[in-house]
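K.L.:
To be precise about what I am sending: the file is called target03.cif and holds mmCIF, C-alpha atoms, pLDDT in the B column; chains and numbers go by the auth columns.
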data_my_file
#
loop_
_atom_site.group_PDB
_atom_site.id
_atom_site.type_symbol
_atom_site.label_atom_id
_atom_site.label_comp_id
_atom_site.label_asym_id
_atom_site.label_seq_id
_atom_site.Cartn_x
_atom_site.Cartn_y
_atom_site.Cartn_z
_atom_site.B_iso_or_equiv
_atom_site.auth_seq_id
_atom_site.auth_asym_id
ATOM 1 C CA PHE A 1 29.490 7.880 -11.306 41.00 1 A
ATOM 2 C CA ASN A 2 32.813 6.970 -9.850 43.00 2 A
ATOM 3 C CA ASN A 3 35.350 5.390 -12.207 41.00 3 A
ATOM 4 C CA HIS A 4 35.398 2.366 -9.926 42.00 4 A
ATOM 5 C CA VAL A 5 31.725 1.593 -10.432 44.00 5 A
ATOM 6 C CA SER A 6 31.506 -1.629 -12.330 46.00 6 A
ATOM 7 C CA GLY A 7 29.313 -2.245 -15.347 47.00 7 A
ATOM 8 C CA LYS A 8 27.212 -4.608 -13.253 47.00 8 A
ATOM 9 C CA ILE A 9 26.309 -1.839 -10.817 49.00 9 A
ATOM 10 C CA VAL A 10 25.502 0.576 -13.635 48.00 10 A
ATOM 11 C CA ALA A 11 23.307 -2.085 -15.253 52.00 11 A
ATOM 12 C CA LEU A 12 21.648 -2.748 -11.908 55.00 12 A
ATOM 13 C CA CYS A 13 20.827 0.932 -11.431 53.00 13 A
ATOM 14 C CA ALA A 14 19.564 1.209 -14.986 52.00 14 A
ATOM 15 C CA TYR A 15 17.276 -1.754 -14.379 53.00 15 A
ATOM 16 C CA PHE A 16 16.003 -0.464 -11.053 54.00 16 A
ATOM 17 C CA PHE A 17 15.176 2.936 -12.402 50.00 17 A
ATOM 18 C CA SER A 18 14.162 2.134 -15.946 50.00 18 A
ATOM 19 C CA PHE A 19 10.965 3.841 -16.918 41.00 19 A
ATOM 20 C CA THR A 20 9.611 0.805 -18.761 44.00 20 A
ATOM 21 C CA HIS A 21 10.197 -1.435 -15.771 48.00 21 A
ATOM 22 C CA LEU A 22 8.407 0.952 -13.416 45.00 22 A
ATOM 23 C CA ILE A 23 5.453 1.213 -15.777 43.00 23 A
ATOM 24 C CA ASN A 24 5.241 -2.579 -15.847 48.00 24 A
ATOM 25 C CA LEU A 25 5.380 -2.739 -12.055 48.00 25 A
ATOM 26 C CA PHE A 26 2.642 -0.193 -11.569 46.00 26 A
ATOM 27 C CA HIS A 27 0.463 -1.319 -14.479 42.00 27 A
ATOM 28 C CA GLY A 28 -3.071 -1.656 -13.254 43.00 28 A
ATOM 29 C CA ASN A 29 -2.090 -0.226 -9.866 43.00 29 A
ATOM 30 C CA LYS A 30 -0.985 -3.713 -8.792 44.00 30 A
ATOM 31 C CA TYR A 31 1.673 -2.297 -6.475 41.00 31 A
ATOM 32 C CA LEU A 32 -0.292 0.721 -5.311 43.00 32 A
ATOM 33 C CA ARG A 33 -2.616 -1.345 -3.148 49.00 33 A
ATOM 34 C CA ASN A 34 -1.794 -2.303 0.436 52.00 34 A
ATOM 35 C CA ILE A 35 -0.108 -5.514 1.549 52.00 35 A
ATOM 36 C CA PHE A 36 -2.050 -7.566 4.051 52.00 36 A
ATOM 37 C CA LEU A 37 -0.098 -10.454 5.550 49.00 37 A
ATOM 38 C CA GLN A 38 -2.536 -10.945 8.420 49.00 38 A
ATOM 39 C CA THR A 39 -5.722 -11.696 6.444 45.00 39 A
ATOM 40 C CA LYS A 40 -7.296 -14.454 4.367 40.00 40 A
ATOM 41 C CA THR A 41 -5.301 -13.205 1.383 38.00 41 A
ATOM 42 C CA ALA A 42 -2.045 -13.450 3.363 47.00 42 A
ATOM 43 C CA ASP A 43 -0.747 -16.461 1.405 53.00 43 A
ATOM 44 C CA PHE A 44 -1.215 -14.610 -1.880 50.00 44 A
ATOM 45 C CA ALA A 45 0.418 -11.440 -0.553 76.00 45 A
ATOM 46 C CA PHE A 46 3.274 -13.414 0.992 82.00 46 A
ATOM 47 C CA ASP A 47 3.914 -15.245 -2.304 84.00 47 A
ATOM 48 C CA GLU A 48 3.796 -11.949 -4.220 86.00 48 A
ATOM 49 C CA LEU A 49 6.154 -10.281 -1.762 89.00 49 A
ATOM 50 C CA LEU A 50 8.551 -13.230 -1.891 91.00 50 A
ATOM 51 C CA HIS A 51 8.481 -13.202 -5.699 91.00 51 A
ATOM 52 C CA LEU A 52 9.192 -9.456 -5.783 91.00 52 A
ATOM 53 C CA PHE A 53 11.986 -9.859 -3.232 95.00 53 A
ATOM 54 C CA PHE A 54 13.710 -12.592 -5.253 95.00 54 A
ATOM 55 C CA SER A 55 13.128 -10.842 -8.592 93.00 55 A
ATOM 56 C CA TYR A 56 14.980 -7.749 -7.445 93.00 56 A
ATOM 57 C CA GLY A 57 17.610 -9.676 -5.501 93.00 57 A
ATOM 58 C CA ASP A 58 18.386 -11.989 -8.414 92.00 58 A
ATOM 59 C CA ARG A 59 18.596 -9.064 -10.788 91.00 59 A
ATOM 60 C CA ALA A 60 21.029 -7.359 -8.415 91.00 60 A
ATOM 61 C CA GLY A 61 23.121 -10.523 -8.333 92.00 61 A
ATOM 62 C CA LEU A 62 23.048 -10.631 -4.542 94.00 62 A
ATOM 63 C CA GLU A 63 22.724 -13.532 -2.154 95.00 63 A
ATOM 64 C CA ILE A 64 19.484 -12.941 -0.270 96.00 64 A
ATOM 65 C CA GLU A 65 18.276 -16.436 0.589 96.00 65 A
ATOM 66 C CA ASP A 66 19.027 -16.026 4.305 96.00 66 A
ATOM 67 C CA LEU A 67 16.622 -13.078 4.463 96.00 67 A
ATOM 68 C CA ALA A 68 13.742 -14.929 2.819 94.00 68 A
ATOM 69 C CA THR A 69 11.910 -15.737 6.031 94.00 69 A
ATOM 70 C CA GLU A 70 8.380 -14.996 7.103 90.00 70 A
ATOM 71 C CA ASP A 71 9.700 -12.781 9.923 93.00 71 A
ATOM 72 C CA PHE A 72 11.846 -10.707 7.562 95.00 72 A
ATOM 73 C CA LEU A 73 9.048 -10.284 5.001 93.00 73 A
ATOM 74 C CA GLN A 74 6.662 -9.177 7.755 91.00 74 A
ATOM 75 C CA ARG A 75 9.263 -6.650 8.893 94.00 75 A
ATOM 76 C CA LEU A 76 9.693 -5.459 5.299 95.00 76 A
ATOM 77 C CA SER A 77 5.938 -5.063 4.904 91.00 77 A
ATOM 78 C CA PHE A 78 5.697 -3.238 8.232 91.00 78 A
ATOM 79 C CA ALA A 79 8.655 -0.941 7.459 94.00 79 A
ATOM 80 C CA ALA A 80 6.937 -0.056 4.186 91.00 80 A
ATOM 81 C CA CYS A 81 3.688 0.692 6.032 89.00 81 A
ATOM 82 C CA CYS A 82 2.042 -2.130 4.079 84.00 82 A
ATOM 83 C CA ARG A 83 2.507 -0.209 0.810 86.00 83 A
ATOM 84 C CA TRP A 84 3.818 -2.038 -2.252 84.00 84 A
ATOM 85 C CA GLY A 85 5.447 1.108 -3.611 87.00 85 A
ATOM 86 C CA LEU A 86 7.452 1.591 -0.410 91.00 86 A
ATOM 87 C CA VAL A 87 8.451 -2.082 -0.432 91.00 87 A
ATOM 88 C CA ILE A 88 9.891 -1.528 -3.894 91.00 88 A
ATOM 89 C CA GLU A 89 11.716 1.611 -2.729 92.00 89 A
ATOM 90 C CA LEU A 90 13.215 -0.280 0.220 95.00 90 A
ATOM 91 C CA LEU A 91 14.273 -3.182 -2.007 96.00 91 A
ATOM 92 C CA ILE A 92 15.917 -0.847 -4.502 94.00 92 A
ATOM 93 C CA GLU A 93 17.682 1.154 -1.798 95.00 93 A
ATOM 94 C CA ALA A 94 18.905 -1.871 0.190 96.00 94 A
ATOM 95 C CA PHE A 95 20.072 -3.780 -2.877 95.00 95 A
ATOM 96 C CA SER A 96 21.786 -0.665 -4.235 93.00 96 A
ATOM 97 C CA LEU A 97 23.588 -0.132 -0.921 95.00 97 A
ATOM 98 C CA ALA A 98 24.845 -3.721 -1.015 94.00 98 A
ATOM 99 C CA ALA A 99 25.865 -3.507 -4.675 91.00 99 A
ATOM 100 C CA PHE A 100 27.663 -0.161 -4.299 90.00 100 A
ATOM 101 C CA ALA A 101 29.575 -1.573 -1.328 91.00 101 A
ATOM 102 C CA SER A 102 30.554 -4.526 -3.539 89.00 102 A
ATOM 103 C CA ASP A 103 28.915 -6.881 -1.074 88.00 103 A
ATOM 104 C CA LYS A 104 27.820 -10.216 -2.452 93.00 104 A
ATOM 105 C CA THR A 105 25.244 -10.702 0.270 96.00 105 A
ATOM 106 C CA CYS A 106 22.477 -8.299 1.214 96.00 106 A
ATOM 107 C CA THR A 107 21.949 -8.167 4.971 97.00 107 A
ATOM 108 C CA ILE A 108 19.584 -6.791 7.577 97.00 108 A
ATOM 109 C CA ASP A 109 22.031 -3.897 7.977 97.00 109 A
ATOM 110 C CA HIS A 110 21.487 -2.867 4.341 97.00 110 A
ATOM 111 C CA PHE A 111 17.722 -2.848 4.892 98.00 111 A
ATOM 112 C CA SER A 112 18.071 -0.948 8.161 98.00 112 A
ATOM 113 C CA GLU A 113 20.205 1.694 6.440 97.00 113 A
ATOM 114 C CA ALA A 114 17.748 1.860 3.525 97.00 114 A
ATOM 115 C CA PHE A 115 14.894 2.420 5.988 97.00 115 A
ATOM 116 C CA SER A 116 16.865 5.235 7.656 97.00 116 A
ATOM 117 C CA LYS A 117 17.592 6.911 4.325 95.00 117 A
ATOM 118 C CA ILE A 118 13.976 6.751 3.193 95.00 118 A
ATOM 119 C CA SER A 119 12.313 7.585 6.515 96.00 119 A
ATOM 120 C CA GLY A 120 14.809 9.878 8.224 95.00 120 A
ATOM 121 C CA PHE A 121 14.880 7.734 11.373 96.00 121 A
ATOM 122 C CA PRO A 122 18.329 7.346 12.982 95.00 122 A
ATOM 123 C CA LYS A 123 20.551 4.573 11.651 93.00 123 A
ATOM 124 C CA GLY A 124 20.016 1.332 13.521 92.00 124 A
ATOM 125 C CA TYR A 125 16.515 2.283 14.668 95.00 125 A
ATOM 126 C CA SER A 126 14.341 0.325 12.285 97.00 126 A
ATOM 127 C CA PRO A 127 11.768 -2.458 12.117 97.00 127 A
ATOM 128 C CA PHE A 128 14.560 -4.632 10.744 97.00 128 A
ATOM 129 C CA THR A 129 16.723 -4.370 13.864 96.00 129 A
ATOM 130 C CA LEU A 130 14.398 -3.945 16.840 96.00 130 A
ATOM 131 C CA LYS A 131 13.042 -7.059 18.510 94.00 131 A
ATOM 132 C CA ASN A 132 9.580 -5.619 19.287 94.00 132 A
ATOM 133 C CA TYR A 133 9.380 -3.448 16.196 94.00 133 A
ATOM 134 C CA GLN A 134 5.567 -3.300 16.119 92.00 134 A
ATOM 135 C CA ASP A 135 5.526 -1.770 19.601 95.00 135 A
ATOM 136 C CA ASN A 136 8.205 0.786 18.718 94.00 136 A
ATOM 137 C CA PHE A 137 6.776 2.219 15.497 95.00 137 A
ATOM 138 C CA ASP A 138 3.486 3.855 14.593 93.00 138 A
ATOM 139 C CA GLN A 139 2.995 3.381 10.856 90.00 139 A
ATOM 140 C CA ALA A 140 1.179 6.698 10.522 91.00 140 A
ATOM 141 C CA LYS A 141 4.232 8.428 12.037 94.00 141 A
ATOM 142 C CA VAL A 142 6.547 6.446 9.753 94.00 142 A
ATOM 143 C CA LEU A 143 4.587 7.654 6.710 91.00 143 A
ATOM 144 C CA GLU A 144 4.755 11.200 8.054 93.00 144 A
ATOM 145 C CA MET A 145 8.535 10.909 8.484 94.00 145 A
ATOM 146 C CA ILE A 146 8.902 9.533 4.954 92.00 146 A
ATOM 147 C CA GLU A 147 7.017 12.534 3.557 90.00 147 A
ATOM 148 C CA LYS A 148 9.135 14.969 5.595 91.00 148 A
ATOM 149 C CA THR A 149 12.317 13.271 4.392 91.00 149 A
ATOM 150 C CA ARG A 150 11.150 13.462 0.780 86.00 150 A
ATOM 151 C CA LYS A 151 10.412 17.161 1.128 87.00 151 A
ATOM 152 C CA LYS A 152 13.891 17.762 2.554 86.00 152 A
ATOM 153 C CA LYS A 153 15.419 15.938 -0.406 79.00 153 A
ATOM 154 C CA SER A 154 13.337 18.014 -2.841 74.00 154 A
ATOM 155 C CA PRO A 155 13.908 21.595 -1.646 66.00 155 A
ATOM 156 C CA GLY A 156 12.259 23.123 -4.724 61.00 156 A
ATOM 157 C CA GLN A 157 8.956 21.454 -3.883 52.00 157 A
ATOM 158 C CA LYS A 158 6.469 23.677 -2.063 53.00 158 A
ATOM 159 C CA GLU A 159 4.677 22.402 1.028 47.00 159 A
ATOM 160 C CA SER A 160 0.920 22.118 0.796 42.00 160 A
#
Go ahead and express the file in the form of structure tokens.
P.N.:
Amino acid sequence: FNNHVSGKIVALCAYFFSFTHLINLFHGNKYLRNIFLQTKTADFAFDELLHLFFSYGDRAGLEIEDLATEDFLQRLSFAACCRWGLVIELLIEAFSLAAFASDKTCTIDHFSEAFSKISGFPKGYSPFTLKNYQDNFDQAKVLEMIEKTRKKKSPGQKES
């Protein structure tokens, strides 16, 4: 870590990546199931997603209230291919980008950059920035790109 990294950022990273915290998140496969915001259980999923969003944002010490809209949460769910685990990855990445930049507010740009880092899509081309994002992305292709990006980041891992 850089000498300029504050204790708050180190604590934030420790929290995000703590083994105990991840076990608690995935206990009972709660966050391994899909998110459905367009069904009868949409209110429950929306409340859960909002709670998760604010839990991570508050812990990061970032202002995120302006992002807490139904449109943004639908974009977050879509960008994560309706997977809780990918939502968590995007939250961690976006909030880390904001914290490392010493920003007090997390913005759409942080989420767009997080999506690019995780998926390998070009910066600025994300469900967070495009008006008709559902017409511009195929979630199966997004998942495929995420897997390819992960394999590039883990060169020692053999392809199956």
K.L.:
With only C-alpha atoms as the atoms that count, which of A:Phe128, A:Tyr133, A:Phe95, A:Trp84 lies nearest to Arg59 in chain A?
P.N.:
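Among A:Phe128, A:Tyr133, A:Phe95, A:Trp84, it is A:Phe95 that comes nearest to Arg59 in chain A.
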K.L.:
For Lys104 in chain A, please output as a list in words all residues within 8 Å (counting all atoms listed in the file; exclusion window: fewer than 4 positions along the same chain).
P.N.:
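The contact residues come out as Gly61, Leu62, Glu63, Ala98 and Ala99 of chain A.
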K.L.:
Have a look at CA of Ser55 in chain A and CA of Ala101 in chain A and let me know their distance in Å, one decimal.
P.N.:
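Calculated distance between CA of Ser55 in chain A and CA of Ala101 in chain A is 20.2 Å.
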K.L.:
Evaluate the PyMOL selection byres ((chain A and resi 67-69) around 12) here and jot the selected residues down as a list in words.
P.N.:
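This file gives the following for the PyMOL selection byres ((chain A and resi 67-69) around 12): Phe46, Asp47, Leu49, Leu50, His51, Leu52, Phe53, Phe54, Gly57, Leu62, Glu63, Ile64, Glu65, Asp66, Glu70, Asp71, Phe72, Leu73, Gln74, Arg75, Leu76, Thr105, Cys106, Thr107, Ile108, Asp109, His110, Phe111 and Phe128 of chain A.
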K.L.:
For the selection just defined, write its residues with C-alpha atoms to a file, as a CSV table (one decimal), in the frame of the given file.
P.N.:
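Saved to again-v9.csv:
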chain,number,residue,atom,x,y,z
A,46,PHE,CA,3.3,-13.4,1.0
A,47,ASP,CA,3.9,-15.2,-2.3
A,49,LEU,CA,6.2,-10.3,-1.8
A,50,LEU,CA,8.6,-13.2,-1.9
A,51,HIS,CA,8.5,-13.2,-5.7
A,52,LEU,CA,9.2,-9.5,-5.8
A,53,PHE,CA,12.0,-9.9,-3.2
A,54,PHE,CA,13.7,-12.6,-5.3
A,57,GLY,CA,17.6,-9.7,-5.5
A,62,LEU,CA,23.0,-10.6,-4.5
A,63,GLU,CA,22.7,-13.5,-2.2
A,64,ILE,CA,19.5,-12.9,-0.3
A,65,GLU,CA,18.3,-16.4,0.6
A,66,ASP,CA,19.0,-16.0,4.3
A,70,GLU,CA,8.4,-15.0,7.1
A,71,ASP,CA,9.7,-12.8,9.9
A,72,PHE,CA,11.8,-10.7,7.6
A,73,LEU,CA,9.0,-10.3,5.0
A,74,GLN,CA,6.7,-9.2,7.8
A,75,ARG,CA,9.3,-6.6,8.9
A,76,LEU,CA,9.7,-5.5,5.3
A,105,THR,CA,25.2,-10.7,0.3
A,106,CYS,CA,22.5,-8.3,1.2
A,107,THR,CA,21.9,-8.2,5.0
A,108,ILE,CA,19.6,-6.8,7.6
A,109,ASP,CA,22.0,-3.9,8.0
A,110,HIS,CA,21.5,-2.9,4.3
A,111,PHE,CA,17.7,-2.8,4.9
A,128,PHE,CA,14.6,-4.6,10.7
K.L.:
Report, in Å to a single decimal, how far apart CA of Val142 in chain A and CA of Ser126 in chain A are.
P.N.:
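If I compute the distance from CA of Ser126 in chain A to CA of Val142 in chain A, I get 10.2 Å.
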K.L.:
Tell me, as a list of chain:residue names, which residues lie within 8 Å of Phe78 in chain A, counting all atoms listed in the file; anything in the same chain fewer than 3 positions away does not count.
P.N.:
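Residues meeting the cut-off are A:Gln74, A:Arg75, A:Cys81, A:Cys82, A:Pro127, A:Gln134, A:Gln139.
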K.L.:
Work out where the centre of an axis-aligned box around every listed atom of range 118-136 of chain A lies and how long its edges are once 3 Å is added on each side; give both in Å to one decimal as lines of an AutoDock Vina configuration file.
P.N.:
center_x = 13.0
center_y = 1.4
center_z = 11.4
size_x = 21.0
size_y = 22.9
size_z = 22.4
K.L.:
If you apply the PyMOL selection byres ((chain A and resi 145) around 12) to this file, what residues do you get, as a count of residues only?
P.N.:
26
K.L.:
Suppose you want the space between CA of Phe100 in chain A and CA of Asp58 in chain A; what is it in Å?
P.N.:
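Here the two named atoms are 15.6 Å from each other.
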